[in-house]
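Reading through the structure tokens given below for one structure.
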Amino acid sequence: MTEINRRTVLAAGAGLGGLPFTRARAQAANTIKIALLCDFSGTYRDVTGPNELACVRQAAAEFANRGFNIEVTFADNQNRADVGSNIARTWFDRDGVDCLVDGGASSVALAVNDVVREKNKVYVNSSSATSDLTGRACSPNLVHWTYDTYMLAKSTGGATVRAGGDSWYFITADYAFGHALERDTANFVRQAGGRVLGQVRTPFPGTSDFSSFLLQAQTSRAKVIGLANAGSDTINCIKQAAEFGLTRRGIKLASLLMFMPDVHSLGLEATQGLICTETFYWDLNDRTRAFTNRVRANLQPNVPLCMNHAGGYASVLHYLKAVADMGVAQAKANGAEVVARMKAMPCDDDCFGPGSIRQDGRKLHPAYLFEVKSPAESRGQYDYYKLLQTTAGNDAFRPMAEGNCSLVRS
């Protein structure tokens, strides 16, 4: 646990039992408790995990000395919905957590979302991709910050079809995130005049050998193999596809969700020319570079920042602004009111720039289509992306009327 400000640190070191009862009670009443739930040991560790924790702590540190205390804690969801929802319930019932950050895998996020709404706390989600969080599963207690499957499908899938990749076969991680990404991308492929020739579902987590799935995709004679997965699953698919020589046979790999740590793990020699979409890149502009410099010392060695990490920082910073605006007591009493205040306030931070939060909880900001540089083009550490296209926030994400969110007034 990280306690932000000297008085809270001293209290934690002494133990609340050593404080006078009234002082301990007053301190607890003036403390906002933030808890990060994501993958710290499995498939998505590098794209969430320790680097996201460092970014959440950075937001808390930047908001210190504003008249209230901030505590940050975290837990590993093990990419399991039952584990995640049990941790969330314990945090709210026993530990007095006010705001749950992220959730990780989409199946975990959907389960946690129900618990947060039941307990009337605040849920700011950074790395879960399913667009259902602002659709059928929308909640007055939720802000979905960084990206979703609809945006990824529109930015990456549609562009590939227009470039000639008009027949697709999907290799899909068999859980909520993979299903949603395949569904949304397939819709854009068909809308653009393409065809979906088939799909195969791969067990998640625990799959490392994708050879049989790649051979099924090759047999379909599809021009594009869509990888509806992430993290080490994506990395293994790309490595094994290269071993089979699929790209040399003219088959294009479309990585529908790829992060900077994935590119780094594979290396530019293997990933050069790949197209992917992120909403944050450390070297995008002066503000993203300034943020990266502030948090750099606390990041994992040899793991670059990606949009999930940045989303943890930005969503927590905006939450704390809302708490300061409405007061700690009111913020602790009613999570839905805090989220309503977050929606009413304009967003602006060094990672995503100006933006807004819609009625359905969808955070709007630009989406960036990048191409991975070749080794010869890269100028130094983590200089991996070149910008191809920018999609404005209002265009990048699903129209609110199409999401069937119960919060949306017609």
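Labels used: A, B, ... for chains in the order of the structure tokens, numbers from 1 for residues in each chain, and numbers from 1 for ligands as shown.
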
| request: Excluding Asp174 of chain A and residues on its chain fewer than 5 positions from it, collect all residues at most 12 Å away from it, counting only C-alpha atoms, and give them as a list of chain:residue names. | output: A:Ala105, A:Ser106, A:Ser107, A:His179, A:Ala180, A:Leu181, A:Glu182, A:Gln199, A:Val200, A:Arg201, A:Thr202, A:Pro203, A:Phe204, A:Pro205, A:Gly206, A:Thr207, A:Leu227, A:Ala228, A:Asn229, A:Ala230, A:Asp233

| message | What's around segment 249-260 of chain A at 6 Å? Count only C-alpha atoms, leave out sequence neighbours fewer than 2 positions away in its own chain, and write the answer as an MDAnalysis selection string. | response | chainID A and resid 223:228 230 246:247 262:263 306

| request: Rank nothing, just name the residue among A:Ser211, A:Gln191, A:Ser378, A:Thr185 nearest to Thr149 of chain A, using only C-alpha atoms. | output: A:Thr185

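Closest approach to Ala60 of chain A among A:Arg379, A:Arg190, A:His309, A:Lys33 is made by A:Lys33 (distances from only C-alpha atoms).
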
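In this comparison, which uses only C-alpha atoms, the residue of A:Gln359, A:Ser155, A:Asn404, A:Asn125 approaching Glu52 of chain A most closely is A:Asn125.
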
Near segment 355-358 of chain A, 9 Å: segment 79-166 of chain A residue rows, closest pairs, only C-alpha atoms, as JSON lines:
```
{"residue": "A:Val143", "atom": "CA", "partner": "A:Ile357", "partner_atom": "CA", "distance": 7.5}
{"residue": "A:His144", "atom": "CA", "partner": "A:Ile357", "partner_atom": "CA", "distance": 8.7}
{"residue": "A:Trp145", "atom": "CA", "partner": "A:Ile357", "partner_atom": "CA", "distance": 8.4}
```

| task | Figure out the distance between atom CA of Phe40 of chain A and atom CA of Cys55 of chain A, please, to one decimal in Å. | result | 14.4 Å

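With only C-alpha atoms as the atoms that count, the minimum distance from Thr219 of chain A to the choices A:Cys351, A:Ala88, A:Ala310, A:Leu197 is reached by A:Leu197.
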
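We find atom CA of Arg296 of chain A and atom CA of Ser374 of chain A to be spaced 24.6 Å apart.
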
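Distances from A:Ala270, A:Val323, A:Val328, A:Ala35 to Ala340 of chain A were compared using only C-alpha atoms, and the smallest one belongs to A:Val323.
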
| field | Close residues, Pro140 of chain A itself excluded, 9 Å, only C-alpha atoms, min 3 positions apart in chain, as a ChimeraX atom specification | value | /A:117,120,122,143,335-337,339-340,359-361,407

| request: Just the helix (DSSP H, G or I) stuff from segment 110-338 of chain A, please, per backbone DSSP, written as a count of residues only. | output: 124

| message | Using only C-alpha atoms, which protein or nucleic acid residues come within 10 Å of Asp325 of chain A? Drop anything in the same chain fewer than 2 positions from it, and give the result as a list of chain:residue names. | response | A:Tyr319, A:Leu320, A:Lys321, A:Ala322, A:Val323, A:Gly327, A:Val328, A:Ala331, A:Val338, A:Arg341, A:Met342, A:Met345

Could you take the residues named above and write them with C-alpha atoms, as a PDB file, in the first residue's frame?
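Written out: part_12.pdb:
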```
ATOM      1  CA  TYR A 319     -11.561  11.119 -10.138  1.00  0.00           C
ATOM      2  CA  LEU A 320      -9.524  13.030  -7.544  1.00  0.00           C
ATOM      3  CA  LYS A 321     -10.455  16.322  -9.187  1.00  0.00           C
ATOM      4  CA  ALA A 322     -14.126  15.400  -8.747  1.00  0.00           C
ATOM      5  CA  VAL A 323     -13.534  14.449  -5.102  1.00  0.00           C
ATOM      6  CA  GLY A 327     -15.799  17.273  -0.896  1.00  0.00           C
ATOM      7  CA  VAL A 328     -14.531  14.045   0.658  1.00  0.00           C
ATOM      8  CA  ALA A 331     -17.662  11.627  -2.400  1.00  0.00           C
ATOM      9  CA  VAL A 338     -18.963  11.247  -7.983  1.00  0.00           C
ATOM     10  CA  ARG A 341     -19.569  15.008 -11.276  1.00  0.00           C
ATOM     11  CA  MET A 342     -16.769  13.460 -13.359  1.00  0.00           C
ATOM     12  CA  MET A 345     -16.332  18.255 -15.568  1.00  0.00           C
TER      13      MET A 345
END
```

| Which neighbours of Gln272 of chain A fall inside 8 Å, counting only C-alpha atoms, when residues of the same chain fewer than 6 positions from it are skipped, and could you give them as a list in words? | Glu371, Val372, Lys373, Ser374 and Pro375 of chain A

Residues from the last selection, N, CA and C atoms, saved as a CSV table (one decimal), in the first residue's frame:
```csv
chain,number,residue,atom,x,y,z
A,371,GLU,N,2.0,2.8,-37.3
A,371,GLU,CA,2.7,1.7,-38.0
A,371,GLU,C,4.0,1.5,-37.2
A,372,VAL,N,4.4,0.3,-37.0
A,372,VAL,CA,5.6,0.0,-36.2
A,372,VAL,C,6.8,0.3,-37.2
A,373,LYS,N,7.8,1.0,-36.6
A,373,LYS,CA,9.0,1.4,-37.4
A,373,LYS,C,9.9,0.1,-37.7
A,374,SER,N,10.7,0.3,-38.7
A,374,SER,CA,11.7,-0.7,-38.9
A,374,SER,C,12.9,-0.4,-38.0
A,375,PRO,N,13.8,-1.4,-37.8
A,375,PRO,CA,15.0,-1.1,-37.0
A,375,PRO,C,15.8,0.1,-37.5
```

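The two atoms in question, atom CA of Val161 of chain A and atom CA of Ser220 of chain A, are spaced 17.1 Å apart.
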
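Comparing the minimum interatomic distances between Leu364 of chain A and each of A:Met400, A:Leu305, A:Ala54, A:Val97, counting only C-alpha atoms, we find that A:Met400 sits nearest.
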